[in-house]
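Participant: The following file, coords36.tsv, comprises TSV, C-alpha atoms:
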```
chain	number	residue	atom	x	y	z
A	1	MET	CA	96.88	-27.06	55.47
A	2	THR	CA	96.96	-24.95	52.32
A	3	LEU	CA	98.07	-26.45	49.02
A	4	THR	CA	98.67	-23.04	47.44
A	5	GLY	CA	101.12	-21.40	49.85
A	6	ARG	CA	100.76	-18.20	51.81
A	7	GLU	CA	97.37	-16.50	51.63
A	8	LEU	CA	96.97	-12.73	51.44
A	9	THR	CA	93.56	-11.43	52.52
A	10	LEU	CA	92.54	-7.98	51.27
A	11	ARG	CA	89.62	-6.13	52.88
A	12	HIS	CA	87.85	-2.86	52.17
A	13	ASP	CA	84.46	-2.18	53.76
A	14	ASP	CA	82.49	-5.39	53.05
A	15	HIS	CA	84.72	-6.45	50.15
A	16	GLU	CA	87.19	-9.29	50.70
A	17	ALA	CA	89.61	-10.89	48.23
A	18	VAL	CA	92.14	-13.65	48.82
A	19	VAL	CA	95.34	-14.04	46.78
A	20	VAL	CA	97.66	-17.03	47.12
A	21	GLU	CA	101.40	-17.45	46.77
A	22	LEU	CA	101.14	-20.22	44.17
A	23	GLY	CA	101.04	-18.48	40.82
A	24	ALA	CA	99.82	-15.27	42.56
A	25	ALA	CA	96.34	-16.62	41.79
A	26	LEU	CA	93.12	-14.90	42.84
A	27	ARG	CA	91.41	-17.46	45.09
A	28	SER	CA	88.19	-15.66	46.02
A	29	TYR	CA	86.34	-12.36	46.02
A	30	THR	CA	83.24	-11.69	48.09
A	31	ILE	CA	81.12	-8.69	48.98
A	32	GLY	CA	79.23	-9.37	52.17
A	33	ASP	CA	77.91	-12.90	51.87
A	34	ARG	CA	77.84	-12.81	48.06
A	35	GLN	CA	80.41	-14.82	46.11
A	36	LEU	CA	81.61	-13.07	42.95
A	37	LEU	CA	84.06	-15.78	41.88
A	38	ASP	CA	83.87	-19.55	41.60
A	39	GLY	CA	87.34	-20.01	43.02
A	40	PHE	CA	88.93	-22.70	45.16
A	41	GLY	CA	89.16	-23.47	48.86
A	42	ALA	CA	92.17	-23.04	51.10
A	43	ALA	CA	92.72	-26.81	51.24
A	44	GLU	CA	92.05	-27.41	47.53
A	45	ARG	CA	94.28	-27.65	44.49
A	46	ILE	CA	93.75	-25.15	41.69
A	47	THR	CA	91.82	-26.73	38.83
A	48	GLY	CA	90.50	-25.36	35.57
A	49	GLY	CA	92.91	-22.42	35.66
A	50	ARG	CA	90.84	-20.74	38.39
A	51	GLY	CA	92.17	-17.26	39.10
A	52	GLN	CA	95.55	-18.02	37.56
A	53	ILE	CA	97.87	-15.57	35.79
A	54	LEU	CA	98.72	-16.62	32.23
A	55	VAL	CA	102.20	-15.42	31.24
A	56	PRO	CA	104.20	-15.20	28.95
A	57	TRP	CA	101.26	-16.29	26.80
A	58	PRO	CA	97.56	-16.81	27.48
A	59	ASN	CA	95.49	-19.58	25.98
A	60	ARG	CA	97.14	-22.02	23.52
A	61	VAL	CA	100.05	-22.35	21.12
A	62	ARG	CA	99.38	-24.99	18.48
A	63	GLY	CA	101.72	-27.92	18.98
A	64	GLY	CA	103.79	-25.66	21.22
A	65	ARG	CA	105.75	-24.65	18.12
A	66	TYR	CA	106.62	-21.19	16.87
A	67	ARG	CA	109.34	-19.45	14.93
A	68	TRP	CA	111.17	-16.48	16.42
A	69	GLN	CA	113.86	-14.49	14.64
A	70	GLY	CA	114.71	-17.41	12.40
A	71	GLU	CA	114.79	-20.03	15.17
A	72	GLU	CA	112.29	-22.88	15.53
A	73	LEU	CA	111.22	-23.18	19.17
A	74	GLN	CA	109.27	-25.92	20.97
A	75	LEU	CA	107.36	-25.30	24.19
A	76	PRO	CA	106.35	-28.10	26.58
A	77	LEU	CA	102.98	-29.60	25.64
A	78	THR	CA	101.02	-28.80	28.78
A	79	GLU	CA	97.65	-29.61	27.19
A	80	PRO	CA	98.47	-33.15	26.04
A	81	THR	CA	94.89	-34.03	25.08
A	82	HIS	CA	95.13	-31.56	22.19
A	83	GLY	CA	98.90	-31.37	21.82
A	84	ASN	CA	99.12	-27.68	22.77
A	85	ALA	CA	101.18	-25.50	25.07
A	86	ILE	CA	98.67	-23.72	27.29
A	87	HIS	CA	98.56	-20.72	29.64
A	88	GLY	CA	102.24	-19.88	30.01
A	89	LEU	CA	104.99	-20.79	32.44
A	90	LEU	CA	104.29	-19.23	35.85
A	91	ARG	CA	101.02	-20.83	36.98
A	92	TRP	CA	102.74	-23.34	39.25
A	93	ASN	CA	105.59	-21.18	40.56
A	94	ALA	CA	105.70	-19.65	44.01
A	95	TRP	CA	105.64	-15.85	43.63
A	96	GLU	CA	107.53	-13.55	46.02
A	97	VAL	CA	105.32	-11.34	48.16
A	98	LEU	CA	106.67	-7.78	47.90
A	99	ASP	CA	103.86	-6.06	49.80
A	100	ALA	CA	100.82	-7.21	51.77
A	101	GLY	CA	98.71	-4.37	53.12
A	102	PRO	CA	95.14	-4.32	54.45
A	103	ARG	CA	93.70	-3.85	50.93
A	104	ASP	CA	96.72	-4.25	48.64
A	105	ALA	CA	99.00	-7.09	47.61
A	106	VAL	CA	102.02	-7.03	45.30
A	107	LEU	CA	103.73	-10.23	44.13
A	108	GLU	CA	106.54	-10.82	41.67
A	109	SER	CA	108.11	-13.72	39.80
A	110	GLY	CA	110.39	-14.33	36.86
A	111	VAL	CA	110.72	-16.34	33.70
A	112	TRP	CA	114.22	-17.70	33.19
A	113	PRO	CA	115.56	-18.72	29.77
A	114	GLN	CA	114.52	-22.32	29.16
A	115	PRO	CA	113.73	-24.74	26.33
A	116	GLY	CA	111.05	-23.22	24.13
A	117	TYR	CA	111.29	-19.77	25.71
A	118	PRO	CA	114.94	-18.63	25.87
A	119	PHE	CA	114.12	-15.19	27.29
A	120	ALA	CA	114.28	-13.51	30.72
A	121	LEU	CA	111.34	-11.60	32.23
A	122	ARG	CA	110.31	-10.13	35.56
A	123	VAL	CA	106.56	-10.13	36.15
A	124	ARG	CA	104.65	-8.22	38.82
A	125	VAL	CA	100.99	-8.28	39.79
A	126	GLU	CA	99.31	-5.66	41.95
A	127	TYR	CA	95.89	-6.33	43.50
A	128	ARG	CA	93.94	-3.51	45.15
A	129	LEU	CA	90.49	-3.35	46.74
A	130	GLY	CA	88.67	-0.02	46.71
A	131	ASP	CA	85.25	1.56	46.67
A	132	THR	CA	84.51	0.31	43.14
A	133	GLY	CA	85.84	-3.22	43.60
A	134	LEU	CA	89.03	-5.08	42.72
A	135	ASP	CA	91.71	-3.63	40.44
A	136	VAL	CA	94.51	-5.78	38.98
A	137	THR	CA	97.66	-4.57	37.21
A	138	LEU	CA	99.98	-7.06	35.50
A	139	THR	CA	103.36	-5.74	34.32
A	140	ALA	CA	106.28	-7.56	32.70
A	141	TRP	CA	109.79	-6.31	31.96
A	142	ASN	CA	112.28	-7.86	29.56
A	143	VAL	CA	115.43	-8.20	31.67
A	144	GLY	CA	117.33	-10.18	29.03
A	145	GLY	CA	119.49	-9.10	26.15
A	146	THR	CA	117.24	-10.06	23.23
A	147	ALA	CA	113.73	-9.21	22.10
A	148	ALA	CA	111.05	-11.60	23.39
A	149	PRO	CA	107.49	-12.50	22.32
A	150	TYR	CA	105.00	-11.79	25.06
A	151	GLY	CA	101.36	-12.20	25.96
A	152	VAL	CA	99.41	-12.17	29.21
A	153	GLY	CA	95.98	-12.90	30.61
A	154	GLN	CA	94.15	-14.05	33.73
A	155	HIS	CA	91.50	-16.71	34.34
A	156	PRO	CA	88.77	-15.75	36.87
A	157	TYR	CA	85.38	-17.49	36.87
A	158	LEU	CA	82.43	-15.16	37.54
A	159	THR	CA	79.33	-16.39	39.36
A	160	VAL	CA	76.00	-14.77	40.18
A	161	GLY	CA	74.99	-17.48	42.63
A	162	THR	CA	72.91	-19.67	40.33
A	163	ALA	CA	73.40	-23.45	40.35
A	164	ALA	CA	74.13	-23.30	36.61
A	165	ILE	CA	74.89	-20.40	34.31
A	166	ASP	CA	72.25	-21.21	31.67
A	167	GLU	CA	69.80	-18.55	32.92
A	168	ALA	CA	72.46	-15.97	33.78
A	169	LEU	CA	72.53	-12.91	31.54
A	170	LEU	CA	75.77	-12.26	29.68
A	171	THR	CA	76.96	-9.09	27.95
A	172	VAL	CA	80.11	-9.11	25.79
A	173	PRO	CA	80.66	-5.85	23.84
A	174	ALA	CA	82.63	-7.45	21.00
A	175	GLU	CA	82.13	-7.13	17.26
A	176	ILE	CA	83.88	-10.37	16.26
A	177	ARG	CA	84.54	-13.84	17.54
A	178	LEU	CA	87.38	-16.11	16.53
A	179	ARG	CA	86.18	-19.44	15.16
A	180	THR	CA	88.18	-22.29	16.68
A	181	ASP	CA	88.85	-25.90	15.78
A	182	ALA	CA	88.58	-29.00	17.96
A	183	ALA	CA	91.93	-28.15	19.58
A	184	GLY	CA	90.74	-24.69	20.60
A	185	LEU	CA	92.90	-22.82	18.07
A	186	PRO	CA	91.62	-20.01	15.80
A	187	VAL	CA	90.84	-20.89	12.20
A	188	GLY	CA	89.21	-17.59	11.21
A	189	GLU	CA	87.04	-14.79	12.46
A	190	GLU	CA	83.47	-13.67	11.85
A	191	PRO	CA	81.19	-10.82	12.93
A	192	VAL	CA	78.96	-11.78	15.84
A	193	ALA	CA	75.95	-9.99	14.34
A	194	GLY	CA	73.22	-12.47	13.44
A	195	THR	CA	74.94	-15.40	15.20
A	196	PRO	CA	74.37	-17.17	18.54
A	197	TYR	CA	77.57	-15.47	19.74
A	198	ASP	CA	76.13	-11.96	19.71
A	199	PHE	CA	76.07	-10.81	23.34
A	200	ARG	CA	76.38	-7.11	22.63
A	201	THR	CA	73.08	-6.72	24.44
A	202	PRO	CA	72.41	-8.81	27.56
A	203	ARG	CA	70.75	-12.18	27.09
A	204	ALA	CA	70.62	-15.57	28.74
A	205	ILE	CA	73.47	-17.96	27.94
A	206	GLY	CA	71.05	-20.87	27.58
A	207	ASP	CA	72.65	-24.13	26.48
A	208	LEU	CA	75.29	-22.41	24.32
A	209	ARG	CA	78.75	-23.88	24.86
A	210	LEU	CA	81.40	-21.19	24.91
A	211	ASP	CA	85.17	-21.53	24.82
A	212	THR	CA	85.37	-18.56	22.55
A	213	PRO	CA	87.81	-15.69	21.97
A	214	PHE	CA	86.20	-12.33	21.19
A	215	GLY	CA	87.86	-9.29	19.62
A	216	ALA	CA	87.11	-5.82	18.26
A	217	LEU	CA	86.04	-4.82	21.76
A	218	ALA	CA	83.92	-1.70	22.21
A	219	ARG	CA	85.39	0.76	24.71
A	220	ASP	CA	84.01	3.56	26.84
A	221	ALA	CA	85.43	7.04	27.33
A	222	ARG	CA	88.03	5.66	29.76
A	223	GLY	CA	89.22	3.13	27.18
A	224	ARG	CA	87.63	0.20	29.00
A	225	THR	CA	85.62	-2.78	27.79
A	226	THR	CA	83.18	-4.31	30.28
A	227	VAL	CA	81.86	-7.87	30.24
A	228	ARG	CA	78.81	-8.21	32.50
A	229	LEU	CA	77.32	-11.30	34.13
A	230	SER	CA	73.90	-10.66	35.68
A	231	HIS	CA	71.59	-12.73	37.86
A	232	PRO	CA	68.44	-13.81	35.95
A	233	SER	CA	66.44	-11.35	38.07
A	234	GLY	CA	68.62	-8.49	36.85
A	235	GLY	CA	69.03	-7.45	40.48
A	236	HIS	CA	72.77	-8.00	40.90
A	237	GLY	CA	75.87	-9.12	39.08
A	238	ALA	CA	79.52	-8.45	38.36
A	239	ASP	CA	81.27	-6.39	35.72
A	240	LEU	CA	84.70	-7.50	34.59
A	241	TRP	CA	86.38	-4.49	32.98
A	242	MET	CA	89.48	-4.55	30.81
A	243	GLY	CA	91.67	-1.54	30.17
A	244	GLU	CA	95.22	-0.94	29.02
A	245	GLY	CA	96.82	-3.91	27.27
A	246	ALA	CA	93.64	-6.01	27.03
A	247	ASN	CA	92.72	-6.56	23.38
A	248	TYR	CA	90.80	-9.86	23.50
A	249	VAL	CA	88.59	-11.73	25.93
A	250	GLN	CA	88.02	-15.48	26.17
A	251	VAL	CA	84.62	-16.57	27.50
A	252	TYR	CA	84.37	-20.16	28.73
A	253	THR	CA	81.28	-21.86	30.13
A	254	GLY	CA	83.22	-24.77	31.63
A	255	ASP	CA	81.72	-27.57	29.57
A	256	THR	CA	84.94	-29.60	29.56
A	257	LEU	CA	85.50	-29.40	33.32
A	258	PRO	CA	84.75	-32.33	35.66
A	259	GLU	CA	81.01	-32.80	35.96
A	260	ALA	CA	80.70	-31.29	39.44
A	261	GLN	CA	82.30	-28.03	38.21
A	262	ARG	CA	80.67	-27.91	34.78
A	263	ARG	CA	78.67	-24.78	33.81
A	264	ARG	CA	78.45	-23.45	37.35
A	265	ALA	CA	80.36	-20.25	36.47
A	266	VAL	CA	81.67	-18.34	33.46
A	267	ALA	CA	85.40	-17.80	32.96
A	268	VAL	CA	85.97	-14.30	31.59
A	269	GLU	CA	89.62	-14.08	30.65
A	270	PRO	CA	91.18	-10.71	29.74
A	271	MET	CA	93.99	-11.30	27.25
A	272	SER	CA	96.55	-9.10	25.54
A	273	CYS	CA	96.54	-11.26	22.41
A	274	PRO	CA	94.51	-14.02	20.75
A	275	PRO	CA	95.19	-17.74	21.09
A	276	ASN	CA	98.19	-19.01	19.11
A	277	ALA	CA	99.75	-15.53	19.15
A	278	PHE	CA	103.34	-16.81	19.26
A	279	ALA	CA	102.78	-18.84	16.11
A	280	ASP	CA	100.78	-16.28	14.13
A	281	GLY	CA	102.96	-13.29	15.02
A	282	SER	CA	100.34	-11.30	16.93
A	283	ALA	CA	102.10	-11.40	20.31
A	284	ALA	CA	103.69	-8.24	21.67
A	285	VAL	CA	107.43	-7.81	21.18
A	286	LEU	CA	109.31	-6.86	24.33
A	287	GLU	CA	112.64	-5.29	23.47
A	288	PRO	CA	115.43	-5.48	26.07
A	289	GLY	CA	114.42	-3.16	28.90
A	290	GLY	CA	110.89	-2.86	27.50
A	291	SER	CA	107.70	-3.47	29.45
A	292	HIS	CA	104.05	-4.35	28.96
A	293	THR	CA	101.08	-3.65	31.25
A	294	LEU	CA	97.59	-5.16	31.34
A	295	ARG	CA	94.91	-3.71	33.62
A	296	TRP	CA	91.60	-5.30	34.53
A	297	GLY	CA	89.23	-5.52	37.45
A	298	ILE	CA	85.89	-6.61	38.88
A	299	THR	CA	83.13	-4.25	39.94
A	300	PRO	CA	80.17	-5.83	41.77
A	301	TRP	CA	76.80	-4.14	41.45
A	302	GLU	CA	73.30	-4.40	42.84
A	303	GLN	CA	70.10	-2.62	41.78
```
Would you write the structure of this file as structure tokens?
Facilitator:
Amino acid sequence: MTLTGRELTLRHDDHEAVVVELGAALRSYTIGDRQLLDGFGAAERITGGRGQILVPWPNRVRGGRYRWQGEELQLPLTEPTHGNAIHGLLRWNAWEVLDAGPRDAVLESGVWPQPGYPFALRVRVEYRLGDTGLDVTLTAWNVGGTAAPYGVGQHPYLTVGTAAIDEALLTVPAEIRLRTDAAGLPVGEEPVAGTPYDFRTPRAIGDLRLDTPFGALARDARGRTTVRLSHPSGGHGADLWMGEGANYVQVYTGDTLPEAQRRRAVAVEPMSCPPNAFADGSAAVLEPGGSHTLRWGITPWEQ
């Protein structure tokens, strides 16, 4: 029995990815016998946000409160330990399967006007496996009559097969990190240069605890930023690339997860906006009929 609804299995050569109906979450991705994601089993609940889509905001909103066009709004406090609203409204909804091909899957859902978010959206995710790996496109449309604040992200956990991630090599091409308080909300920013958070060149994670948003992302000629997790041998790993619509990345080493799951993988979360974006005004504004797209993907590699 599956606890996450219908499963869609995508295959291309020796690549295989599984997407589930619940939240359109990415359950697993393998190449041959190598696991690229620390996901969840077919008979397991989703925990720790694994593979989930975060919409219409990623990360946290302090106290769930924000002001929009002169109105004070209150979101449900879905992170009660810190009194925050976290990771949006569609994680636990069943998404409609629009297409399920041998190497493609398209799912769609909607946000209806509700307390704390009185706006109407349609949201679509497209997964595709190809020669270079997995590509993901997340698009939202404002189908209501008023402008809406909007943010989006996703929450995969990368693994390189080590029992713990301390010796794994991490590369994050970011110039700044956002300093956060005990509730995980930004309180300022600082350059990473000269700090333990400088992963612009690959180095071991060690015992550093990360639940850290990074910004000012360096991009290549295609406009992409790539976060790399490498096996300690340097022989294989996974690149998580972020393209259109991805302006921040959250890196989380899982230190607050249940002990059996702690520090066994690294969550690399592409995000359109920083934490607390609804409250600080940095979220995108979707006008009626407007849309927003975020593109990201995973490219496995081996030397």
Participant: Taking only residues of stretch 167-252 of chain A that have an atom at most 12 Å from an atom of stretch 85-93 of chain A, what is each one's shortest atom pair and its distance in Å to one decimal, using all atoms listed in the file, in chain and number order, as CSV?
Facilitator:
```
residue,atom,partner,partner_atom,distance
A:Ala183,CA,A:Ala85,CA,11.1
A:Gly184,CA,A:Ile86,CA,10.4
A:Leu185,CA,A:Ile86,CA,10.9
```
Participant: What residues have an atom no more than 6 Å from (87.8, -6.2, 32.5) in the file's own frame, counting all atoms listed in the file, and can you write them as a ChimeraX atom specification?
Facilitator: /A:226,240-242,296-297
Participant: To one decimal place, how far is atom CA of A:Thr2 from atom CA of A:Arg263 in Å?
Facilitator: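 Separating atom CA of A:Thr2 from atom CA of A:Arg263 is a distance of 26.0 Å.
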Participant: Under the rule that only C-alpha atoms are counted, which of A:Val152, A:Leu208, A:Leu286, A:Val55 is the nearest residue to A:Tyr252?
Facilitator: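 Of the candidates, the smallest distance to A:Tyr252 is held by A:Leu208.
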Participant: What gap, in Å, lies between atom CA of A:Val143 and atom CA of A:Pro76?
Facilitator: 22.5 Å
Participant: Taking all atoms listed in the file into account, which of A:Ile165, A:Ala174, A:Val20, A:Ala182 comes nearest A:Gly206?
Facilitator: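 Of the candidates, the smallest distance to A:Gly206 is held by A:Ile165.
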Participant: Using all atoms listed in the file, which of A:Leu75, A:Ala238, A:Leu36, A:Val111 sits nearest A:Leu169?
Facilitator: A:Ala238
Participant: Between A:Pro270, A:Gly243, A:Gly237, A:Pro118, single out the one closest to A:Pro149, counting all atoms listed in the file.
Facilitator: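 The answer is A:Pro118, which sits nearest to A:Pro149.
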Participant: For A:Thr180, list every protein, DNA or RNA residue within 12 Å, evaluated using only C-alpha atoms, and leave out those in the same chain fewer than 5 positions away; present the list as a PyMOL selection string.
Facilitator: chain A and resi 60+62+185-190+210-214+250+274-276
Participant: Given the selection you just returned, output its residues as a file containing C-alpha atoms, formatted as a PDB file, keeping the file's coordinate frame.
Facilitator:
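The resulting file, part-v3.pdb, is reproduced below:
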```
ATOM      1  CA  ARG A  60      97.140 -22.020  23.520  1.00  0.00           C
ATOM      2  CA  ARG A  62      99.380 -24.990  18.480  1.00  0.00           C
ATOM      3  CA  LEU A 185      92.900 -22.820  18.070  1.00  0.00           C
ATOM      4  CA  PRO A 186      91.620 -20.010  15.800  1.00  0.00           C
ATOM      5  CA  VAL A 187      90.840 -20.890  12.200  1.00  0.00           C
ATOM      6  CA  GLY A 188      89.210 -17.590  11.210  1.00  0.00           C
ATOM      7  CA  GLU A 189      87.040 -14.790  12.460  1.00  0.00           C
ATOM      8  CA  GLU A 190      83.470 -13.670  11.850  1.00  0.00           C
ATOM      9  CA  LEU A 210      81.400 -21.190  24.910  1.00  0.00           C
ATOM     10  CA  ASP A 211      85.170 -21.530  24.820  1.00  0.00           C
ATOM     11  CA  THR A 212      85.370 -18.560  22.550  1.00  0.00           C
ATOM     12  CA  PRO A 213      87.810 -15.690  21.970  1.00  0.00           C
ATOM     13  CA  PHE A 214      86.200 -12.330  21.190  1.00  0.00           C
ATOM     14  CA  GLN A 250      88.020 -15.480  26.170  1.00  0.00           C
ATOM     15  CA  PRO A 274      94.510 -14.020  20.750  1.00  0.00           C
ATOM     16  CA  PRO A 275      95.190 -17.740  21.090  1.00  0.00           C
ATOM     17  CA  ASN A 276      98.190 -19.010  19.110  1.00  0.00           C
TER      18      ASN A 276
END
```
Participant: Which residue, A:Gln154, A:Ser230, A:Asn142, A:Thr4, has the smallest gap to A:Leu54 when you use all atoms listed in the file?
Facilitator: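 Of A:Gln154, A:Ser230, A:Asn142, A:Thr4, the one nearest A:Leu54, counting all atoms listed in the file, is A:Gln154.
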Participant: Any idea what's packed within 8 Å of A:Gln74, counting only C-alpha atoms, ignoring anything in its chain fewer than 4 positions away? Could you give it as a list in words?
Facilitator: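 So, after excluding close chain neighbours, the residues are Gly64, Arg65, Tyr66, Pro115 and Gly116 of chain A.
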